[in-house]
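Dumped model.txt below, it's compact mmCIF, C-alpha atoms:
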# COMPACT_ATOMS: atom_id res chain seq x y z
CA MET A 1 -25.24 -8.26 7.71
CA ARG A 2 -22.38 -10.65 7.69
CA THR A 3 -23.90 -13.54 5.87
CA VAL A 4 -25.88 -11.54 3.33
CA GLN A 5 -23.01 -10.34 1.18
CA ARG A 6 -20.92 -13.37 1.75
CA THR A 7 -20.81 -15.48 -1.38
CA PRO A 8 -19.70 -13.56 -4.47
CA ALA A 9 -17.58 -10.85 -2.94
CA ASP A 10 -15.95 -13.18 -0.44
CA ARG A 11 -15.16 -15.75 -3.07
CA ALA A 12 -13.39 -13.11 -5.15
CA LEU A 13 -11.60 -11.88 -2.06
CA ARG A 14 -10.42 -15.34 -1.09
CA ARG A 15 -9.19 -16.00 -4.60
CA ASP A 16 -7.16 -12.78 -4.54
CA ALA A 17 -5.95 -13.59 -1.05
CA GLY A 18 -4.92 -17.05 -2.26
CA THR A 19 -2.86 -15.52 -5.06
CA ILE A 20 -0.90 -13.30 -2.76
CA ALA A 21 -0.68 -16.06 -0.15
CA ALA A 22 0.96 -18.41 -2.66
CA ALA A 23 3.59 -15.77 -3.34
CA MET A 24 4.01 -15.26 0.41
CA VAL A 25 4.66 -18.96 0.93
CA ALA A 26 7.40 -18.88 -1.70
CA VAL A 27 9.06 -15.76 -0.34
CA GLY A 28 8.65 -16.98 3.24
CA ALA A 29 10.38 -20.19 2.20
CA SER A 30 13.24 -18.20 0.82
CA PHE A 31 13.44 -16.30 4.10
CA GLY A 32 13.58 -19.53 6.08
CA ALA A 33 16.19 -21.03 3.78
CA ILE A 34 18.41 -17.94 3.77
CA THR A 35 18.33 -17.70 7.55
CA ILE A 36 19.58 -21.25 7.86
CA ALA A 37 22.14 -20.68 5.10
CA TYR A 38 23.48 -17.75 7.14
CA GLY A 39 24.21 -20.24 9.91
CA LEU A 40 21.68 -18.79 12.34
CA PRO A 41 19.87 -21.14 14.76
CA THR A 42 16.72 -22.87 13.55
CA TRP A 43 14.43 -21.03 15.96
CA VAL A 44 15.41 -17.63 14.58
CA PRO A 45 13.26 -17.66 11.42
CA PHE A 46 10.25 -19.06 13.30
CA LEU A 47 10.50 -16.45 16.04
CA MET A 48 10.93 -13.65 13.53
CA SER A 49 8.08 -14.66 11.27
CA THR A 50 5.67 -14.85 14.17
CA VAL A 51 6.88 -11.96 16.33
CA VAL A 52 8.03 -9.48 13.69
CA PHE A 53 5.87 -10.55 10.71
CA ALA A 54 7.18 -7.95 8.27
CA GLY A 55 9.01 -9.48 5.35
CA GLY A 56 11.26 -6.67 4.25
CA SER A 57 12.55 -5.94 7.73
CA GLN A 58 13.11 -9.64 8.39
CA PHE A 59 15.36 -10.03 5.35
CA LEU A 60 17.18 -6.86 6.30
CA ALA A 61 17.59 -7.88 9.93
CA ILE A 62 18.88 -11.41 9.38
CA GLY A 63 21.64 -10.07 7.16
CA LEU A 64 22.77 -7.75 9.92
CA LEU A 65 22.25 -10.35 12.65
CA ALA A 66 24.32 -12.85 10.73
CA ALA A 67 27.03 -10.20 10.39
CA GLY A 68 27.02 -9.94 14.20
CA ASN A 69 25.42 -6.52 14.35
CA PRO A 70 22.17 -6.88 16.35
CA LEU A 71 21.81 -3.19 17.20
CA ALA A 72 21.96 -2.22 13.56
CA ALA A 73 19.48 -4.99 12.79
CA VAL A 74 16.95 -3.57 15.25
CA ALA A 75 17.48 0.04 14.19
CA ALA A 76 17.30 -0.65 10.47
CA GLY A 77 14.32 -2.95 10.88
CA LEU A 78 12.39 -0.42 12.93
CA LEU A 79 13.12 2.34 10.47
CA LEU A 80 11.87 0.16 7.64
CA ASN A 81 8.69 -0.59 9.58
CA ALA A 82 7.94 2.98 10.63
CA ARG A 83 5.44 3.23 7.78
CA HIS A 84 3.15 0.92 9.73
CA LEU A 85 2.20 3.82 11.96
CA PRO A 86 0.51 5.81 9.18
CA PHE A 87 -0.91 2.55 7.81
CA GLY A 88 -2.37 1.87 11.24
CA LEU A 89 -3.99 5.28 11.25
CA ALA A 90 -5.48 4.65 7.82
CA VAL A 91 -6.94 1.21 8.54
CA ALA A 92 -7.84 1.70 12.22
CA ASP A 93 -11.57 1.60 11.61
CA ALA A 94 -11.26 -1.70 9.77
CA VAL A 95 -9.29 -3.39 12.55
CA GLY A 96 -12.26 -3.18 14.90
CA THR A 97 -13.49 -1.27 17.90
CA ARG A 98 -13.12 -3.87 20.67
CA PRO A 99 -9.81 -3.78 22.55
CA VAL A 100 -9.15 -7.46 21.76
CA GLN A 101 -9.59 -6.83 18.07
CA ARG A 102 -7.17 -3.93 18.17
CA ILE A 103 -4.56 -5.73 20.24
CA LEU A 104 -4.58 -8.87 18.08
CA GLY A 105 -5.51 -7.26 14.79
CA SER A 106 -2.74 -4.69 14.83
CA HIS A 107 -0.17 -7.46 14.62
CA LEU A 108 -1.61 -8.57 11.27
CA LEU A 109 -1.02 -5.21 9.63
CA THR A 110 1.29 -5.34 6.63
CA ASP A 111 1.59 -3.40 3.38
CA GLU A 112 -0.55 -5.90 1.53
CA VAL A 113 -3.22 -5.95 4.24
CA ALA A 114 -3.40 -2.15 4.19
CA ALA A 115 -3.61 -2.17 0.39
CA PHE A 116 -6.38 -4.78 0.29
CA THR A 117 -8.34 -3.05 3.05
CA LEU A 118 -8.19 0.40 1.52
CA ALA A 119 -9.01 -1.02 -1.91
CA GLU A 120 -12.38 -2.19 -0.57
CA PRO A 121 -14.82 0.58 -1.49
CA ASP A 122 -17.50 -0.40 1.03
CA PRO A 123 -16.41 0.74 4.52
CA ALA A 124 -18.75 -1.78 6.09
CA ARG A 125 -16.86 -4.65 4.48
CA ARG A 126 -13.38 -3.43 5.32
CA HIS A 127 -13.33 -5.08 8.71
CA ARG A 128 -13.90 -8.43 7.05
CA VAL A 129 -11.33 -7.79 4.34
CA TYR A 130 -8.73 -6.76 6.90
CA TRP A 131 -9.12 -9.90 8.97
CA ILE A 132 -9.40 -12.34 6.07
CA ILE A 133 -6.31 -10.98 4.33
CA GLY A 134 -4.41 -10.50 7.59
CA THR A 135 -4.93 -14.03 8.87
CA THR A 136 -4.31 -15.53 5.42
CA LEU A 137 -1.01 -13.74 5.02
CA PHE A 138 0.15 -14.43 8.58
CA THR A 139 -0.55 -18.11 8.05
CA SER A 140 1.03 -18.35 4.63
CA TRP A 141 4.13 -16.40 5.67
CA ASN A 142 4.72 -18.75 8.56
CA ILE A 143 4.03 -21.87 6.53
CA GLY A 144 6.51 -20.59 3.97
CA THR A 145 9.10 -19.94 6.65
CA ALA A 146 8.72 -23.48 7.97
CA LEU A 147 9.04 -24.95 4.49
CA GLY A 148 12.18 -22.95 3.90
CA VAL A 149 13.75 -24.19 7.11
CA LEU A 150 12.81 -27.79 6.33
CA LEU A 151 13.74 -27.82 2.66
CA GLY A 152 16.66 -25.41 2.76
CA GLY A 153 18.05 -24.37 -0.62
CA ALA A 154 15.70 -26.80 -2.40
CA THR A 155 12.97 -24.14 -2.34
CA GLY A 156 14.76 -22.23 -5.07
CA ASP A 157 15.24 -18.56 -5.77
CA PRO A 158 12.02 -16.50 -5.68
CA ASP A 159 13.50 -14.09 -8.21
CA ALA A 160 13.72 -16.91 -10.74
CA LEU A 161 9.94 -17.21 -10.42
CA GLY A 162 9.57 -13.48 -10.92
CA LEU A 163 8.10 -13.00 -7.46
CA ASP A 164 10.07 -9.80 -6.96
CA ALA A 165 7.92 -8.37 -9.76
CA ALA A 166 4.72 -9.93 -8.43
CA PHE A 167 4.57 -7.95 -5.17
CA PRO A 168 4.91 -4.44 -6.63
CA ALA A 169 2.43 -5.39 -9.35
CA ALA A 170 -0.02 -6.59 -6.70
CA LEU A 171 0.26 -3.29 -4.84
CA LEU A 172 -0.27 -1.42 -8.10
CA ALA A 173 -3.40 -3.41 -8.84
CA LEU A 174 -4.75 -2.67 -5.37
CA ILE A 175 -4.18 1.08 -5.45
CA MET A 176 -5.27 1.48 -9.08
CA PRO A 177 -8.94 2.27 -8.25
CA ALA A 178 -7.86 4.97 -5.81
CA LEU A 179 -5.70 6.49 -8.52
CA ALA A 180 -8.80 7.19 -10.59
CA ASP A 181 -9.27 10.20 -8.34
CA ARG A 182 -7.06 12.89 -9.80
CA THR A 183 -5.93 14.43 -6.51
CA THR A 184 -4.99 11.03 -5.10
CA ARG A 185 -3.16 10.18 -8.30
CA THR A 186 -1.08 13.34 -8.12
CA VAL A 187 -0.24 12.74 -4.47
CA ALA A 188 0.65 9.09 -5.02
CA LEU A 189 2.74 9.57 -8.15
CA THR A 190 4.61 12.51 -6.66
CA GLY A 191 5.25 10.51 -3.50
CA ALA A 192 6.45 7.50 -5.46
CA ALA A 193 8.81 9.65 -7.52
CA VAL A 194 10.24 11.25 -4.38
CA ALA A 195 10.75 7.82 -2.82
CA VAL A 196 12.51 6.37 -5.85
CA LEU A 197 14.77 9.39 -6.18
CA ALA A 198 15.59 9.31 -2.46
CA THR A 199 16.37 5.58 -2.39
CA PRO A 200 20.05 5.86 -3.40
CA ILE A 201 20.62 8.58 -0.80
CA LEU A 202 18.63 7.69 2.32
CA PRO A 203 18.73 4.55 4.49
CA ALA A 204 16.06 1.90 3.76
CA GLY A 205 12.64 2.88 5.04
CA LEU A 206 13.03 6.64 4.94
CA PRO A 207 12.44 7.04 1.20
CA VAL A 208 9.00 5.46 1.46
CA ILE A 209 8.12 7.76 4.35
CA CYS A 210 9.32 10.71 2.26
CA ALA A 211 6.52 9.79 -0.13
CA LEU A 212 4.23 11.61 2.31
CA LEU A 213 5.70 14.78 0.85
CA GLY A 214 3.39 14.04 -2.06
CA LEU A 215 0.61 15.41 0.17
CA LEU A 216 2.07 18.86 -0.36
CA THR A 217 0.56 18.80 -3.82
CA VAL A 218 -2.85 18.91 -2.16
CA VAL A 219 -2.06 21.79 0.14
CA ARG A 220 -1.54 24.40 -2.51
CA PRO A 221 -4.70 24.13 -4.59
CA ARG A 222 -6.72 23.51 -1.45
CA ARG A 223 -5.66 26.85 -0.04
CA ARG A 224 -6.69 28.61 -3.19
CA ALA A 225 -10.10 27.02 -3.01
CA ALA A 226 -10.38 27.64 0.75
CA LEU A 227 -12.24 24.47 1.79
CA PRO A 228 -13.36 21.21 0.27
CA PRO A 229 -17.04 21.81 -0.35
CA PRO A 230 -18.89 18.52 0.14
CA ALA A 231 -17.61 16.40 3.01
CA SER A 232 -16.96 18.33 6.18
CA ALA A 233 -20.14 20.35 6.45
CA ALA A 234 -21.69 18.64 9.49
CA PRO A 235 -19.66 19.80 12.53
CA ALA A 236 -19.25 23.32 11.30
CA SER A 237 -19.77 24.86 14.72
CA ALA A 238 -17.57 22.46 16.67
CA GLY A 239 -14.50 22.36 14.47
CA PRO A 240 -11.77 24.94 14.81
CA ALA A 241 -11.76 25.38 11.05
CA PRO A 242 -13.05 28.84 10.24
CA ALA A 243 -16.16 28.81 8.17
CA ALA A 244 -15.48 32.35 7.10
CA PRO A 245 -14.01 31.94 3.63
CA ALA A 246 -16.85 29.78 2.44
CA PRO A 247 -19.48 32.43 1.73
CA ALA A 248 -16.94 34.69 0.10
CA GLU A 249 -16.72 32.55 -2.99
CA PRO A 250 -19.64 30.20 -2.88
CA SER A 251 -20.17 29.98 -6.56
CA ARG A 252 -16.65 29.14 -7.58
CA ALA A 253 -16.81 25.42 -8.00
CA GLU A 254 -19.88 24.48 -9.93
CA PRO A 255 -20.08 27.15 -12.61
CA SER A 256 -16.43 27.08 -13.48
CA ARG A 257 -16.41 23.33 -13.59
CA ALA A 258 -19.52 23.21 -15.71
CA GLY A 259 -18.22 25.94 -17.91
CA ARG A 260 -15.02 24.12 -18.50
CA ALA A 261 -16.72 20.89 -19.29
CA VAL A 262 -19.08 22.47 -21.75
CA GLY A 263 -16.51 24.74 -23.22
CA GLU A 264 -13.85 22.22 -24.07
CA GLY A 265 -15.63 18.93 -23.93
CA SER A 266 -18.07 19.37 -26.74
CA PRO A 267 -17.88 15.73 -27.83
CA ALA A 268 -19.11 14.35 -24.51
CA PRO A 269 -19.76 17.01 -21.93
CA GLY A 270 -22.11 14.88 -19.89
CA ASP A 271 -19.54 12.28 -18.95
CA LYS A 272 -17.02 14.62 -17.53
CA SER A 273 -19.30 16.70 -15.41
CA HIS A 274 -20.47 13.54 -13.69
CA LEU A 275 -16.97 12.34 -13.09
CA SER A 276 -15.73 15.51 -11.56
CA GLY A 277 -18.23 15.25 -8.75
CA ALA A 278 -17.87 11.71 -7.51
CA VAL A 279 -14.55 10.32 -6.45
CA GLY A 280 -15.75 6.78 -6.63
CA ALA A 281 -17.37 7.05 -10.04
CA ASP A 282 -16.54 4.00 -12.07
CA PRO A 283 -13.23 4.71 -13.73
CA GLY A 284 -13.96 2.17 -16.42
CA ALA A 285 -15.47 5.04 -18.32
CA ARG A 286 -12.17 6.78 -18.52
CA SER A 287 -9.91 4.11 -19.84
CA GLY A 288 -8.35 6.71 -22.07
CA THR A 289 -6.75 8.56 -19.20
CA GLY A 290 -3.30 9.51 -20.14
CA THR A 291 -1.82 12.57 -18.67
CA GLY A 292 -3.39 14.41 -21.55
CA ALA A 293 -6.96 13.59 -20.68
CA GLU A 294 -6.83 15.15 -17.26
CA GLY A 295 -7.68 18.69 -18.16
CA GLY A 296 -11.41 18.08 -18.24
CA GLU A 297 -11.88 17.48 -14.54
CA GLY A 298 -12.33 19.94 -11.74
CA ARG A 299 -9.13 21.39 -10.48
CA CYS A 300 -9.58 20.40 -6.84
CA MET B 1 21.63 -11.12 22.31
CA LEU B 2 20.13 -12.67 19.20
CA ILE B 3 16.83 -13.32 20.91
CA ALA B 4 16.81 -9.87 22.51
CA ALA B 5 17.32 -8.22 19.13
CA ILE B 6 14.49 -10.18 17.53
CA ILE B 7 12.13 -9.45 20.41
CA ALA B 8 13.07 -5.78 20.33
CA LEU B 9 12.38 -5.61 16.60
CA GLY B 10 9.08 -7.42 17.08
CA VAL B 11 7.93 -5.27 19.97
CA GLY B 12 8.97 -2.08 18.21
CA THR B 13 7.20 -3.04 15.01
CA TYR B 14 4.07 -4.03 16.91
CA SER B 15 4.12 -0.75 18.83
CA MET B 16 4.07 1.20 15.59
CA ARG B 17 1.21 -0.87 14.23
CA LEU B 18 -0.82 -0.62 17.43
CA GLY B 19 0.20 3.02 17.89
CA GLY B 20 -1.31 3.99 14.56
CA VAL B 21 -4.48 2.05 15.23
CA LEU B 22 -4.98 3.49 18.73
CA LEU B 23 -3.97 6.99 17.75
CA ARG B 24 -6.79 7.12 15.27
CA GLY B 25 -9.30 6.71 18.10
CA ARG B 26 -7.68 9.44 20.17
CA LEU B 27 -7.33 12.01 17.44
CA LYS B 28 -10.33 13.99 16.43
CA LEU B 29 -9.45 14.43 12.81
CA SER B 30 -10.97 17.26 10.86
CA GLY B 31 -12.80 16.50 7.63
CA THR B 32 -9.84 17.60 5.59
CA LEU B 33 -7.42 15.35 7.46
CA GLN B 34 -9.80 12.43 7.12
CA ARG B 35 -9.75 13.00 3.40
CA LEU B 36 -5.95 13.18 3.38
CA LEU B 37 -5.42 9.92 5.27
CA PRO B 38 -6.33 7.57 2.42
CA MET B 39 -4.22 9.72 0.12
CA ALA B 40 -1.27 9.38 2.49
CA ALA B 41 -1.72 5.61 2.46
CA ALA B 42 -1.95 5.60 -1.33
CA ALA B 43 1.28 7.60 -1.51
CA LEU B 44 3.04 5.14 0.80
CA LEU B 45 1.79 2.14 -1.17
CA ALA B 46 2.70 3.73 -4.49
CA ALA B 47 6.15 4.48 -3.10
CA LEU B 48 6.54 0.88 -1.94
CA ALA B 49 5.50 -0.37 -5.36
CA GLY B 50 7.74 2.13 -7.14
CA THR B 51 10.85 1.49 -5.09
CA ALA B 52 10.33 -2.28 -5.08
CA ALA B 53 9.82 -2.24 -8.83
CA LEU B 54 12.79 -0.08 -9.76
CA MET B 55 15.38 -0.39 -7.05
CA ALA B 56 17.37 -3.24 -5.54
CA GLY B 57 19.00 -1.82 -2.45
CA THR B 58 20.36 1.53 -3.55
CA GLU B 59 20.85 0.51 -7.17
CA PHE B 60 18.69 0.10 -10.20
CA ALA B 61 16.93 -3.25 -10.25
CA GLY B 62 17.83 -4.22 -13.80
CA VAL B 63 15.38 -4.88 -16.58
CA ALA B 64 13.40 -8.03 -15.85
CA ARG B 65 11.73 -6.85 -12.65
CA PRO B 66 10.63 -3.39 -13.86
CA ALA B 67 9.42 -4.95 -17.10
CA GLY B 68 7.33 -7.47 -15.19
CA VAL B 69 5.85 -4.77 -12.97
CA LEU B 70 5.13 -2.65 -16.05
CA VAL B 71 3.20 -5.49 -17.66
CA GLY B 72 1.29 -6.03 -14.43
CA GLY B 73 0.65 -2.31 -14.09
CA ILE B 74 -0.76 -2.02 -17.59
CA LEU B 75 -3.02 -5.01 -16.99
CA ALA B 76 -4.16 -3.53 -13.68
CA TRP B 77 -4.91 -0.26 -15.42
CA ARG B 78 -6.98 -2.19 -17.99
CA ARG B 79 -8.93 -3.66 -15.08
CA ALA B 80 -7.60 -7.17 -15.46
CA PRO B 81 -8.36 -9.49 -12.53
CA PHE B 82 -5.91 -9.38 -9.64
CA VAL B 83 -4.73 -12.95 -10.26
CA VAL B 84 -3.94 -12.14 -13.88
CA VAL B 85 -1.99 -9.03 -12.92
CA VAL B 86 0.17 -10.86 -10.40
CA LEU B 87 0.80 -13.92 -12.56
CA ALA B 88 1.60 -11.86 -15.66
CA ALA B 89 4.08 -9.72 -13.76
CA ALA B 90 5.82 -12.76 -12.32
CA ALA B 91 5.80 -14.65 -15.62
CA THR B 92 7.23 -11.70 -17.54
CA ALA B 93 10.10 -11.24 -15.10
CA ALA B 94 10.75 -14.98 -14.90
CA LEU B 95 10.78 -15.48 -18.68
CA LEU B 96 13.04 -12.49 -19.23
CA ARG B 97 15.50 -13.90 -16.71
CA LEU B 98 15.26 -17.28 -18.34
CA ALA B 99 16.25 -15.55 -21.57
CA GLY B 100 19.27 -14.09 -19.85
CA VAL B 101 17.98 -10.58 -19.24
CA PRO B 102 19.20 -9.36 -15.83
If you convert what's in this file into structure tokens, what do you get?
Amino acid sequence: MRTVQRTPADRALRRDAGTIAAAMVAVGASFGAITIAYGLPTWVPFLMSTVVFAGGSQFLAIGLLAAGNPLAAVAAGLLLNARHLPFGLAVADAVGTRPVQRILGSHLLTDEVAAFTLAEPDPARRHRVYWIIGTTLFTSWNIGTALGVLLGGATGDPDALGLDAAFPAALLALIMPALADRTTRTVALTGAAVAVLATPILPAGLPVICALLGLLTVVRPRRRAALPPPASAAPASAGPAPAAPAPAEPSRAEPSRAGRAVGEGSPAPGDKSHLSGAVGADPGARSGTGTGAEGGEGRC
Amino acid sequence: MLIAAIIALGVGTYSMRLGGVLLRGRLKLSGTLQRLLPMAAAALLAALAGTAALMAGTEFAGVARPAGVLVGGILAWRRAPFVVVVLAAAATAALLRLAGVP
């Protein structure tokens, strides 16, 4: 199973990993250089990049450490990294089932690793993606840190290279396929808006966690429609979820959806009715998606 | 004190990573929650991208960075390869700064 799919997909993956790794080397170098410029001992950046391995919190913490405020450094850094708990939940299956895999693999978890892993549509390949990206980024981050310590200010300013724009763009590219699903898009965009608006008010780290409030957009329509029809069916007897509301309105989804598609989508009714069913349907078909185009899909 | 702070930050961060991973095995998530989990992750990642693109600390990030991310975002939406997205975003921001745009 491992060797069969190796060549094409892995080559693409390694190329993408190389791109982000190059940026990590440059930013890691800036971290190493800044730490030394702050007058902190040489071992500090090495210890941080291996033991903490979370870029944002490392930059935040060295500023506070250099200012002689270690407690604030720990508190602020931990708050910034609290998002790794939900990320861990989301990628747990990809990390592996053996205890060794979980103990070692958890340390490799970063935003980019989570994004790459969840962007992989085939669950069977996610384990591989997680470990390839995780080890690549851990290595490149530490190489970058070492270069920064050795070369000092000669490594230059990552912002001059536009790397501060590269990382958000990379995350966008990785979550873009998931955003083809309308519900996910609403959740994600709402969450992002909440986070941006909260950034001037709340301490670093909390705004991003507030993005989980975007999930509230799912709760309302879901309640109206009682239960998501396709997925859960199997353990109906075991689960605490009441199966009661289901028969009450069994015919709600399909007819209304079909009716809507036929009714308003006279130019191409076929397309839309397909799309509304499958989350993973190739979004290439819908390149015209603005906010305006959304009306054609099922509401939930 | 310095070393204690770094170790504490490292151990705390690792605990949250491992905690999430282990918790998933303990929790018996319902079908609905399992469907919500990827959405939660997407919201967090979108929020990271959004705040990193627009904000520097608690202030607006200027023009060059959001413009670069916008170019990358449009390319990503048009299904451009990952490498192209990242390089275009960086190049846009870098060139704008070279031209004196903040």
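Among the candidates B:Val21, B:Ala89, B:Ala41, B:Val11, the residue lying nearest to Gly68 of chain B is B:Ala89 (atoms considered: all atoms listed in the file).
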| message | Using only C-alpha atoms and a cut-off of 6 Å, which residues of chain B sit close to chain A? Please list them as an NGL selection string. | response | :B and (5 or 9-10 or 14 or 16-18 or 20-21 or 24 or 31 or 37 or 39-40 or 42-44 or 46-47 or 49-51 or 53 or 58 or 65 or 68-69 or 72-73 or 76 or 86 or 89-90 or 93-94)
Mind writing the picked residues with C-alpha atoms as a tab-separated table (two decimals), in the frame of the given file?
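File written: again.tsv
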chain	number	residue	atom	x	y	z
B	5	ALA	CA	17.32	-8.22	19.13
B	9	LEU	CA	12.38	-5.61	16.60
B	10	GLY	CA	9.08	-7.42	17.08
B	14	TYR	CA	4.07	-4.03	16.91
B	16	MET	CA	4.07	1.20	15.59
B	17	ARG	CA	1.21	-0.87	14.23
B	18	LEU	CA	-0.82	-0.62	17.43
B	20	GLY	CA	-1.31	3.99	14.56
B	21	VAL	CA	-4.48	2.05	15.23
B	24	ARG	CA	-6.79	7.12	15.27
B	31	GLY	CA	-12.80	16.50	7.63
B	37	LEU	CA	-5.42	9.92	5.27
B	39	MET	CA	-4.22	9.72	0.12
B	40	ALA	CA	-1.27	9.38	2.49
B	42	ALA	CA	-1.95	5.60	-1.33
B	43	ALA	CA	1.28	7.60	-1.51
B	44	LEU	CA	3.04	5.14	0.80
B	46	ALA	CA	2.70	3.73	-4.49
B	47	ALA	CA	6.15	4.48	-3.10
B	49	ALA	CA	5.50	-0.37	-5.36
B	50	GLY	CA	7.74	2.13	-7.14
B	51	THR	CA	10.85	1.49	-5.09
B	53	ALA	CA	9.82	-2.24	-8.83
B	58	THR	CA	20.36	1.53	-3.55
B	65	ARG	CA	11.73	-6.85	-12.65
B	68	GLY	CA	7.33	-7.47	-15.19
B	69	VAL	CA	5.85	-4.77	-12.97
B	72	GLY	CA	1.29	-6.03	-14.43
B	73	GLY	CA	0.65	-2.31	-14.09
B	76	ALA	CA	-4.16	-3.53	-13.68
B	86	VAL	CA	0.17	-10.86	-10.40
B	89	ALA	CA	4.08	-9.72	-13.76
B	90	ALA	CA	5.82	-12.76	-12.32
B	93	ALA	CA	10.10	-11.24	-15.10
B	94	ALA	CA	10.75	-14.98	-14.90
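Interatomic distance, atom CA of Pro66 of chain B to atom CA of Ala52 of chain B: 8.9 Å.
A straight line drawn from atom CA of Leu137 of chain A to atom CA of Ala21 of chain A is 5.7 Å long.
Straight-line separation from atom CA of Glu120 of chain A to atom CA of Phe82 of chain B: 13.3 Å.
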Neighbourhood query: residues within 7 Å of (17.3, -8.3, -18.0), file coordinates, counting only C-alpha atoms; return as a compact mmCIF listing (two decimals) with C-alpha atoms, keeping the file's coordinate frame.
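New file out-v7.txt:
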# COMPACT_ATOMS: atom_id res chain seq x y z
CA GLY B 62 17.83 -4.22 -13.80
CA VAL B 63 15.38 -4.88 -16.58
CA ALA B 64 13.40 -8.03 -15.85
CA LEU B 96 13.04 -12.49 -19.23
CA ARG B 97 15.50 -13.90 -16.71
CA GLY B 100 19.27 -14.09 -19.85
CA VAL B 101 17.98 -10.58 -19.24
CA PRO B 102 19.20 -9.36 -15.83
For Ile3 of chain B, the nearest of the candidates A:Phe59, A:Trp131, A:Phe46, A:Phe138, counting all atoms listed in the file
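Between A:Phe59, A:Trp131, A:Phe46, A:Phe138, the residue approaching Ile3 of chain B most closely is A:Phe46.
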Using the structure block above, produce a file of segment 50-63 of chain A that contains N, CA and C atoms, as a tab-separated table (two decimals), in the first residue's frame.
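Result written to decode.tsv:
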chain	number	residue	atom	x	y	z
A	50	THR	N	14.11	23.40	19.00
A	50	THR	CA	13.90	21.96	19.12
A	50	THR	C	12.79	21.63	20.12
A	51	VAL	N	12.77	22.30	21.25
A	51	VAL	CA	11.86	21.92	22.33
A	51	VAL	C	10.48	22.54	22.17
A	52	VAL	N	10.44	23.79	21.70
A	52	VAL	CA	9.14	24.45	21.53
A	52	VAL	C	8.59	24.19	20.11
A	53	PHE	N	9.42	24.46	19.10
A	53	PHE	CA	9.06	24.23	17.70
A	53	PHE	C	7.68	24.80	17.35
A	54	ALA	N	7.52	26.08	17.58
A	54	ALA	CA	6.30	26.77	17.18
A	54	ALA	C	6.68	28.22	16.94
A	55	GLY	N	6.84	28.58	15.68
A	55	GLY	CA	7.47	29.84	15.30
A	55	GLY	C	6.91	31.07	15.98
A	56	GLY	N	5.61	31.24	15.87
A	56	GLY	CA	4.99	32.45	16.41
A	56	GLY	C	5.28	32.64	17.88
A	57	SER	N	5.14	31.54	18.64
A	57	SER	CA	5.33	31.66	20.08
A	57	SER	C	6.81	31.86	20.41
A	58	GLN	N	7.69	31.37	19.55
A	58	GLN	CA	9.12	31.58	19.81
A	58	GLN	C	9.50	33.05	19.65
A	59	PHE	N	9.00	33.68	18.58
A	59	PHE	CA	9.27	35.11	18.40
A	59	PHE	C	8.70	35.91	19.57
A	60	LEU	N	7.46	35.55	19.95
A	60	LEU	CA	6.81	36.25	21.04
A	60	LEU	C	7.60	36.09	22.33
A	61	ALA	N	8.02	34.86	22.60
A	61	ALA	CA	8.67	34.56	23.87
A	61	ALA	C	10.05	35.20	23.98
A	62	ILE	N	10.84	35.19	22.90
A	62	ILE	CA	12.18	35.77	23.05
A	62	ILE	C	12.11	37.27	23.33
A	63	GLY	N	11.11	37.94	22.76
A	63	GLY	CA	10.96	39.36	23.07
A	63	GLY	C	10.76	39.58	24.55
